[in-house]
>>> print(open('final00.cif').read())   # mmCIF, C-alpha atoms
data_structure
loop_
_atom_site.label_atom_id
_atom_site.label_comp_id
_atom_site.auth_asym_id
_atom_site.auth_seq_id
_atom_site.Cartn_x
_atom_site.Cartn_y
_atom_site.Cartn_z
CA MET A 1 -20.55 3.75 -33.92
CA ASP A 2 -23.04 6.58 -33.49
CA GLN A 3 -21.08 9.72 -34.39
CA ASN A 4 -23.17 11.77 -31.99
CA ALA A 5 -22.69 9.47 -29.03
CA ARG A 6 -20.40 11.02 -26.44
CA THR A 7 -17.58 8.65 -25.62
CA SER A 8 -17.08 7.66 -22.01
CA ASN A 9 -13.32 7.47 -22.56
CA PRO A 10 -11.93 10.28 -20.39
CA LEU A 11 -8.73 10.66 -22.43
CA ILE A 12 -10.69 11.23 -25.64
CA ARG A 13 -13.17 13.53 -23.90
CA LYS A 14 -10.33 15.63 -22.58
CA LEU A 15 -8.24 15.75 -25.76
CA GLU A 16 -11.12 16.45 -28.14
CA GLY A 17 -11.58 19.71 -26.28
CA PHE A 18 -8.04 20.71 -27.19
CA ALA A 19 -7.98 19.68 -30.88
CA SER A 20 -10.30 18.45 -33.59
CA LEU A 21 -9.85 14.68 -33.59
CA SER A 22 -10.71 12.39 -36.50
CA ASP A 23 -12.41 9.03 -36.06
CA ALA A 24 -9.00 7.46 -36.71
CA ASP A 25 -7.50 9.58 -33.90
CA ARG A 26 -10.28 8.49 -31.54
CA GLY A 27 -9.79 4.86 -32.49
CA LEU A 28 -6.07 5.18 -31.86
CA LEU A 29 -6.65 6.74 -28.44
CA GLU A 30 -9.17 4.01 -27.60
CA ARG A 31 -6.49 1.41 -28.33
CA VAL A 32 -3.80 3.28 -26.41
CA SER A 33 -6.02 3.51 -23.34
CA ALA A 34 -7.50 0.01 -23.57
CA SER A 35 -5.11 -1.85 -21.28
CA ALA A 36 -6.04 -0.18 -17.98
CA ARG A 37 -5.35 -2.17 -14.86
CA PRO A 38 -6.64 -1.67 -11.32
CA ILE A 39 -4.23 -0.05 -8.88
CA ALA A 40 -5.02 0.17 -5.16
CA ALA A 41 -5.11 3.46 -3.28
CA GLY A 42 -1.76 4.50 -1.85
CA THR A 43 0.35 2.84 -4.56
CA ASP A 44 3.40 4.65 -5.90
CA LEU A 45 3.34 4.81 -9.70
CA ALA A 46 6.66 6.68 -9.76
CA ARG A 47 9.13 7.34 -6.98
CA GLU A 48 11.60 10.13 -6.46
CA GLY A 49 15.13 8.96 -7.28
CA GLU A 50 14.03 6.08 -9.49
CA PRO A 51 14.08 6.00 -13.29
CA PRO A 52 10.67 6.63 -14.90
CA ASP A 53 9.21 3.56 -16.58
CA GLY A 54 6.65 5.11 -18.89
CA VAL A 55 3.82 7.61 -19.02
CA TYR A 56 0.88 6.88 -16.76
CA LEU A 57 -2.65 7.62 -17.86
CA ILE A 58 -5.37 7.76 -15.22
CA MET A 59 -8.66 6.31 -16.52
CA ASP A 60 -10.53 6.20 -13.21
CA GLY A 61 -9.89 7.39 -9.65
CA MET A 62 -7.49 10.06 -8.50
CA ALA A 63 -3.71 10.23 -8.08
CA CYS A 64 -1.33 12.99 -7.13
CA ARG A 65 2.18 14.32 -7.60
CA HIS A 66 3.92 15.02 -4.33
CA LYS A 67 7.25 15.63 -2.64
CA ARG A 68 8.37 15.32 0.96
CA SER A 69 10.57 17.80 2.78
CA ALA A 70 13.53 16.69 4.90
CA SER A 71 11.26 16.98 7.97
CA GLY A 72 8.74 14.56 6.46
CA ALA A 73 6.07 17.11 5.54
CA ARG A 74 4.35 16.40 2.23
CA GLN A 75 3.32 18.87 -0.46
CA ILE A 76 0.90 17.69 -3.13
CA MET A 77 1.41 19.79 -6.26
CA ALA A 78 -1.04 18.19 -8.69
CA TYR A 79 -4.13 16.01 -8.75
CA LEU A 80 -4.33 13.58 -11.65
CA VAL A 81 -7.94 12.87 -12.57
CA PRO A 82 -9.35 10.62 -15.30
CA GLY A 83 -7.95 11.55 -18.70
CA ASP A 84 -4.76 12.99 -17.22
CA LEU A 85 -1.35 11.80 -18.40
CA CYS A 86 1.76 12.16 -16.27
CA ASP A 87 4.69 13.76 -18.07
CA LEU A 88 4.65 13.09 -21.83
CA ASP A 89 8.41 13.49 -22.13
CA VAL A 90 9.34 11.75 -18.91
CA ALA A 91 11.54 9.28 -20.84
CA LEU A 92 14.03 12.14 -21.32
CA LEU A 93 14.76 12.09 -17.59
CA ASP A 94 17.20 9.73 -15.87
CA GLN A 95 15.28 9.77 -12.63
CA MET A 96 12.11 11.18 -11.10
CA GLU A 97 12.41 14.20 -8.81
CA HIS A 98 8.95 13.72 -7.33
CA ASN A 99 6.49 10.93 -6.56
CA ILE A 100 3.24 9.96 -8.26
CA THR A 101 0.89 8.05 -5.97
CA THR A 102 -2.72 6.95 -6.20
CA LEU A 103 -5.04 8.72 -3.73
CA SER A 104 -7.93 6.33 -4.37
CA ASP A 105 -8.34 2.99 -6.08
CA CYS A 106 -7.53 3.78 -9.70
CA SER A 107 -7.65 2.36 -13.17
CA VAL A 108 -4.30 3.15 -14.81
CA VAL A 109 -2.64 2.60 -18.19
CA ARG A 110 1.13 2.57 -18.56
CA ILE A 111 2.06 3.91 -21.97
CA THR A 112 5.54 3.13 -23.27
CA PRO A 113 7.82 5.94 -24.51
CA GLU A 114 7.64 4.36 -27.99
CA VAL A 115 3.86 4.69 -28.12
CA VAL A 116 4.06 8.30 -26.91
CA ALA A 117 6.69 9.08 -29.55
CA ASN A 118 4.46 7.58 -32.24
CA LEU A 119 1.50 9.71 -31.12
CA LEU A 120 3.57 12.88 -31.12
CA GLU A 121 5.35 12.24 -34.45
CA HIS A 122 2.67 10.69 -36.64
CA HIS A 123 -0.67 11.99 -35.38
CA PRO A 124 -0.63 15.79 -35.51
CA ALA A 125 -4.07 16.45 -34.01
CA VAL A 126 -3.40 14.12 -31.09
CA ALA A 127 0.05 15.66 -30.66
CA ARG A 128 -1.45 19.15 -30.59
CA ALA A 129 -4.00 18.12 -27.97
CA LEU A 130 -1.37 16.40 -25.83
CA ARG A 131 0.92 19.42 -25.97
CA LYS A 132 -1.95 21.69 -25.04
CA SER A 133 -2.81 19.46 -22.10
CA THR A 134 0.81 19.78 -20.93
CA LEU A 135 0.50 23.57 -21.09
CA VAL A 136 -2.70 23.35 -19.04
CA ASP A 137 -0.89 21.18 -16.46
CA GLU A 138 1.75 23.91 -16.13
CA ALA A 139 -0.90 26.65 -15.92
CA THR A 140 -2.69 24.67 -13.21
CA LEU A 141 0.52 24.37 -11.23
CA ARG A 142 0.93 28.17 -11.45
CA GLU A 143 -2.62 28.63 -10.20
CA TRP A 144 -1.91 26.26 -7.28
CA LEU A 145 1.13 28.37 -6.40
CA VAL A 146 -1.14 31.39 -6.23
CA ASN A 147 -3.48 29.29 -4.09
CA VAL A 148 -0.89 28.45 -1.43
CA GLY A 149 0.85 31.81 -1.62
CA CYS A 150 -1.95 34.34 -1.86
CA ARG A 151 -5.26 32.92 -0.67
CA SER A 152 -6.89 32.37 2.73
CA ALA A 153 -7.81 28.90 3.95
CA ASP A 154 -11.44 29.29 2.82
CA GLU A 155 -10.38 30.66 -0.55
CA ARG A 156 -7.89 27.83 -1.14
CA ILE A 157 -10.41 25.06 -0.47
CA ALA A 158 -13.15 26.82 -2.44
CA HIS A 159 -10.80 27.31 -5.39
CA LEU A 160 -9.76 23.66 -5.42
CA LEU A 161 -13.38 22.49 -5.34
CA CYS A 162 -14.36 24.84 -8.20
CA GLU A 163 -11.45 23.54 -10.26
CA LEU A 164 -12.21 19.86 -9.60
CA LEU A 165 -15.87 20.30 -10.54
CA LEU A 166 -14.89 21.70 -13.95
CA ARG A 167 -12.08 19.24 -14.64
CA LEU A 168 -14.24 16.26 -13.71
CA GLN A 169 -17.23 17.56 -15.71
CA VAL A 170 -15.08 17.73 -18.86
CA VAL A 171 -14.28 14.02 -18.63
CA GLY A 172 -17.78 12.97 -17.59
CA LYS A 173 -16.91 12.25 -13.95
CA ALA A 174 -19.06 14.97 -12.36
CA THR A 175 -22.70 15.94 -12.70
CA HIS A 176 -23.70 19.62 -12.91
CA ASP A 177 -23.05 19.97 -9.17
CA SER A 178 -21.58 16.76 -7.69
CA PHE A 179 -18.51 14.57 -7.82
CA ASP A 180 -16.63 11.97 -5.85
CA LEU A 181 -13.81 13.43 -3.77
CA PRO A 182 -11.88 10.33 -2.66
CA VAL A 183 -9.26 12.17 -0.61
CA THR A 184 -8.67 12.57 3.11
CA GLN A 185 -8.60 15.87 4.97
CA GLN A 186 -4.86 15.33 5.34
CA ASP A 187 -4.57 15.02 1.54
CA LEU A 188 -6.47 18.31 1.18
CA ALA A 189 -4.25 19.86 3.84
CA ASP A 190 -1.07 18.78 2.03
CA THR A 191 -2.54 20.13 -1.21
CA THR A 192 -3.46 23.55 0.11
CA GLY A 193 -0.61 24.15 2.54
CA LEU A 194 -3.00 24.10 5.48
CA SER A 195 -3.24 21.97 8.61
CA SER A 196 -5.87 19.21 8.63
CA VAL A 197 -7.54 21.21 11.43
CA HIS A 198 -7.95 24.24 9.17
CA VAL A 199 -9.24 22.04 6.34
CA ASN A 200 -11.82 20.53 8.69
CA ARG A 201 -12.89 23.97 9.95
CA THR A 202 -13.27 25.22 6.38
CA MET A 203 -15.23 22.18 5.20
CA GLN A 204 -17.52 22.45 8.26
CA SER A 205 -17.99 26.15 7.66
CA LEU A 206 -18.87 25.66 3.98
CA GLN A 207 -21.39 23.00 4.99
CA ARG A 208 -22.93 25.17 7.73
CA GLN A 209 -23.35 27.97 5.17
CA GLU A 210 -24.99 25.44 2.81
CA VAL A 211 -22.44 26.12 0.09
CA ILE A 212 -21.45 22.45 -0.10
CA ALA A 213 -22.74 19.14 1.25
CA LEU A 214 -20.40 16.25 1.96
CA ALA A 215 -21.60 12.67 2.52
CA GLY A 216 -18.70 10.27 2.75
CA THR A 217 -16.64 11.02 -0.35
CA SER A 218 -19.59 12.41 -2.28
CA LEU A 219 -19.35 16.18 -2.60
CA GLN A 220 -22.27 18.29 -3.76
CA ILE A 221 -21.87 21.97 -4.50
CA LEU A 222 -25.12 23.57 -3.39
CA ASP A 223 -24.26 27.18 -4.25
CA LEU A 224 -21.69 27.33 -7.05
CA PRO A 225 -21.90 31.10 -7.62
CA ARG A 226 -21.10 31.65 -3.94
CA LEU A 227 -18.26 29.12 -3.98
CA LYS A 228 -16.77 30.79 -7.08
CA ALA A 229 -17.11 34.24 -5.54
CA LEU A 230 -15.45 33.06 -2.34
CA ALA A 231 -12.55 31.57 -4.31
CA GLY A 232 -12.25 34.43 -6.79
CA PHE A 233 -12.33 31.59 -9.30
CA LYS A 234 -11.42 32.37 -12.93
CA PRO A 235 -11.25 29.19 -15.04
CA ASN A 236 -9.08 30.75 -17.76
CA TYR A 237 -6.01 28.71 -16.75
CA LEU A 238 -7.82 25.47 -17.64
CA HIS A 239 -8.22 26.68 -21.26
CA LEU A 240 -11.57 24.95 -21.62
CA GLY A 241 -13.16 27.52 -23.92
CA ASP A 242 -16.92 27.24 -23.88
CA ARG A 243 -16.70 24.08 -21.77
CA ALA A 244 -16.00 26.33 -18.76
CA ALA A 245 -19.43 27.95 -18.97
CA ALA A 246 -20.83 25.81 -16.15
CA MET B 247 12.89 28.12 31.90
CA ASN B 248 9.31 28.10 33.13
CA LEU B 249 6.16 27.79 31.06
CA ARG B 250 2.98 29.51 32.18
CA LEU B 251 -0.48 28.92 30.74
CA GLN B 252 -3.23 31.51 30.53
CA PRO B 253 -6.71 30.42 29.44
CA VAL B 254 -8.31 32.55 26.72
CA GLN B 255 -10.98 32.32 24.06
CA VAL B 256 -9.71 32.51 20.48
CA ALA B 257 -11.96 33.53 17.58
CA THR B 258 -10.86 30.88 15.10
CA GLY B 259 -14.01 31.24 13.05
CA SER B 260 -15.03 27.77 14.18
CA ASN B 261 -16.28 26.01 17.30
CA ASP B 262 -12.65 25.67 18.45
CA THR B 263 -12.51 28.52 20.94
CA GLU B 264 -11.16 27.14 24.25
CA SER B 265 -7.50 28.05 24.20
CA GLN B 266 -4.34 28.59 26.22
CA LEU B 267 -1.66 31.20 25.73
CA VAL B 268 1.73 29.70 26.54
CA PHE B 269 4.37 32.00 28.02
CA ALA B 270 8.05 31.11 28.49
CA ASP B 271 9.77 33.40 30.97
CA GLY B 272 7.07 35.99 30.36
CA CYS B 273 7.18 35.89 26.53
CA LEU B 274 4.30 34.50 24.45
CA VAL B 275 5.63 31.47 22.58
CA ALA B 276 2.49 29.56 21.53
CA VAL B 277 -1.29 29.54 21.26
CA LEU B 278 -2.89 26.15 21.89
CA VAL B 279 -6.52 25.56 20.89
CA ARG B 280 -8.61 22.67 22.18
CA LEU B 281 -10.31 20.90 19.26
CA SER B 282 -14.11 20.87 19.50
CA ASP B 283 -16.46 18.00 18.77
CA ASP B 284 -16.36 19.10 15.11
CA HIS B 285 -13.10 17.15 14.89
CA GLN B 286 -14.58 13.72 15.72
CA ASP B 287 -11.68 11.40 16.68
CA GLU B 288 -9.41 14.33 17.45
CA ALA B 289 -11.89 16.22 19.64
CA GLY B 290 -10.27 17.23 22.92
CA MET B 291 -6.74 17.32 21.52
CA TRP B 292 -4.70 20.50 21.78
CA PHE B 293 -3.68 22.03 18.45
CA LEU B 294 -0.70 24.32 17.93
CA GLU B 295 -2.71 27.18 16.45
CA ALA B 296 0.36 29.40 16.43
CA GLY B 297 3.95 29.06 17.53
CA PHE B 298 6.49 31.85 17.67
CA GLY B 299 10.22 31.71 17.10
CA SER B 300 11.55 28.19 17.53
CA VAL B 301 8.06 26.95 18.45
CA ALA B 302 6.76 27.75 14.96
CA ASP B 303 6.15 24.56 12.98
CA PRO B 304 4.44 24.42 9.57
CA ARG B 305 3.12 20.94 10.42
CA GLN B 306 1.11 22.39 13.35
CA PRO B 307 1.10 19.31 15.61
CA LYS B 308 -1.76 18.12 17.83
CA PHE B 309 -1.25 16.87 21.38
CA ALA B 310 -3.25 14.46 23.53
CA ASP B 311 -3.13 16.81 26.54
CA LEU B 312 -1.56 20.02 27.80
CA ASP B 313 1.33 18.18 29.47
CA GLU B 314 2.36 16.64 26.16
CA ALA B 315 2.03 20.03 24.47
CA GLN B 316 4.20 21.73 27.09
CA ASP B 317 6.85 19.00 26.87
CA TRP B 318 7.03 19.51 23.11
CA ILE B 319 7.18 23.30 23.42
CA MET B 320 9.90 23.03 26.05
CA ARG B 321 11.99 20.77 23.83
CA ARG B 322 11.68 23.26 20.98
CA LEU B 323 12.71 26.14 23.23
CA VAL B 324 15.68 24.31 24.74
CA GLY B 325 16.84 23.15 21.33
CA SER B 326 16.85 26.72 20.10
CA PRO B 327 16.72 29.27 22.93
CA VAL B 328 14.47 32.29 22.56
CA PRO B 329 16.69 35.35 22.01
CA GLY B 330 16.95 37.72 24.94
#
>>> encode(input="final00.cif", output="structure tokens")
Amino acid sequence: MDQNARTSNPLIRKLEGFASLSDADRGLLERVSASARPIAAGTDLAREGEPPDGVYLIMDGMACRHKRSASGARQIMAYLVPGDLCDLDVALLDQMEHNITTLSDCSVVRITPEVVANLLEHHPAVARALRKSTLVDEATLREWLVNVGCRSADERIAHLLCELLLRLQVVGKATHDSFDLPVTQQDLADTTGLSSVHVNRTMQSLQRQEVIALAGTSLQILDLPRLKALAGFKPNYLHLGDRAAA
Amino acid sequence: MNLRLQPVQVATGSNDTESQLVFADGCLVAVLVRLSDDHQDEAGMWFLEAGFGSVADPRQPKFADLDEAQDWIMRRLVGSPVPG
């Protein structure tokens, strides 16, 4: 294999930013992520109240963590994009307290608790990268709390789009300015604590101002500096180092 | 309890401006905004832009017409009377 060739494997791309991986580590991660299977949009990978049955790794598409209130309202509290793993230590829990559901058609690997334990116990660089990615998941959740608690509708949407561009670029799923956003306005509304009406107004406004362009699910950011300024976006919580220079 | 509507323009920062203030026994309980053509399939529906007291609802429902909106508001008010 050409040592300089950039792998297309999103898990390896993500983790090699968090730790220095050997060729053996990369080979191991290739094998761990090899058995991806297609999962249709709207499929529950894990359900609240049920025992977890492994760690899910998203290789393509987008999924989310969400909970429903007693009144039926939904809050999405994380997007899972390619390279993201759901809950390394989930096997410690008797039952899930939230749901994990695909937002688009996805390619997903189910990793057994035994395989996760082997990675964490016998492969220190991989373990370090996985633990760092868990810290980043927690930091991202904190940033999303700030989003719903402290930002205006425009700022919330702008912040989410800035974040997705960076996260998807890291795993090779975005160009310098464009990515696929396979979510509905209701999904965005449930993510940002807004109504779908406010999401639509904001998306229309950003398009009228020529900050973004949206064609179907294809989102292009036309003016990234303006979008970042609007969001007050600081990528420090993603801990990407020099990969956040975009 | 009687509801009274008063047409107003609301500066929502969008093309959704045609609106109705909804009063119950003289007190403002809701602001309904008619969705513009920007909302495609939902254009023409009435959106609960703001509700006060028992009419507040974080899900901010949309209604096919003003009658449906007033029925919903009335049910919320009867279920939990406005103080005073």
>>> interface_residues(input="final00.cif", of="chain A", to="chain B", cutoff="7 Å", atoms="all atoms listed in the file", output="list in words")
Ala73, Ser195 and Arg201 of chain A
>>> closest_residue(input="final00.cif", among="B:Met291, B:Gln316, B:Leu278, B:Ala302", to="Gln255 in chain B", atoms="only C-alpha atoms")
B:Leu278
>>> closest_residue(input="final00.cif", among="A:Ala91, A:Ala231, A:Val197, A:Leu224", to="Ile157 in chain A", atoms="all atoms listed in the file")
A:Ala231
>>> closest_residue(input="final00.cif", among="A:Ala158, A:Leu15, A:Lys173, A:Ala78", to="Ala229 in chain A", atoms="only C-alpha atoms")
A:Ala158
>>> closest_residue(input="final00.cif", among="A:Arg142, A:Val136, A:Gly49, A:Gly54", to="Asn99 in chain A", atoms="only C-alpha atoms")
A:Gly49
>>> residues_around(input="final00.cif", residues="Ser265 in chain B", least_positions_apart="4", cutoff="7 Å", atoms="all atoms listed in the file", output="list in words")
Pro253, Val254, Gln255, Val256, Leu278, Val279 and Arg280 of chain B
>>> resolve_selection(input="final00.cif", expression="the PyMOL selection byres ((chain A and resi 80) around 7)", output="PyMOL selection string")
chain A and resi 58+62-64+78-79+81-82+84
>>> closest_residue(input="final00.cif", among="B:Gly325, B:Phe309, B:Gln252, B:Phe269", to="Gly290 in chain B", atoms="all atoms listed in the file")
B:Phe309
>>> resolve_selection(input="final00.cif", expression="the PyMOL selection byres ((chain B and resi 270) around 7)", output="ChimeraX atom specification")
/B:247-250,268-269,271-275
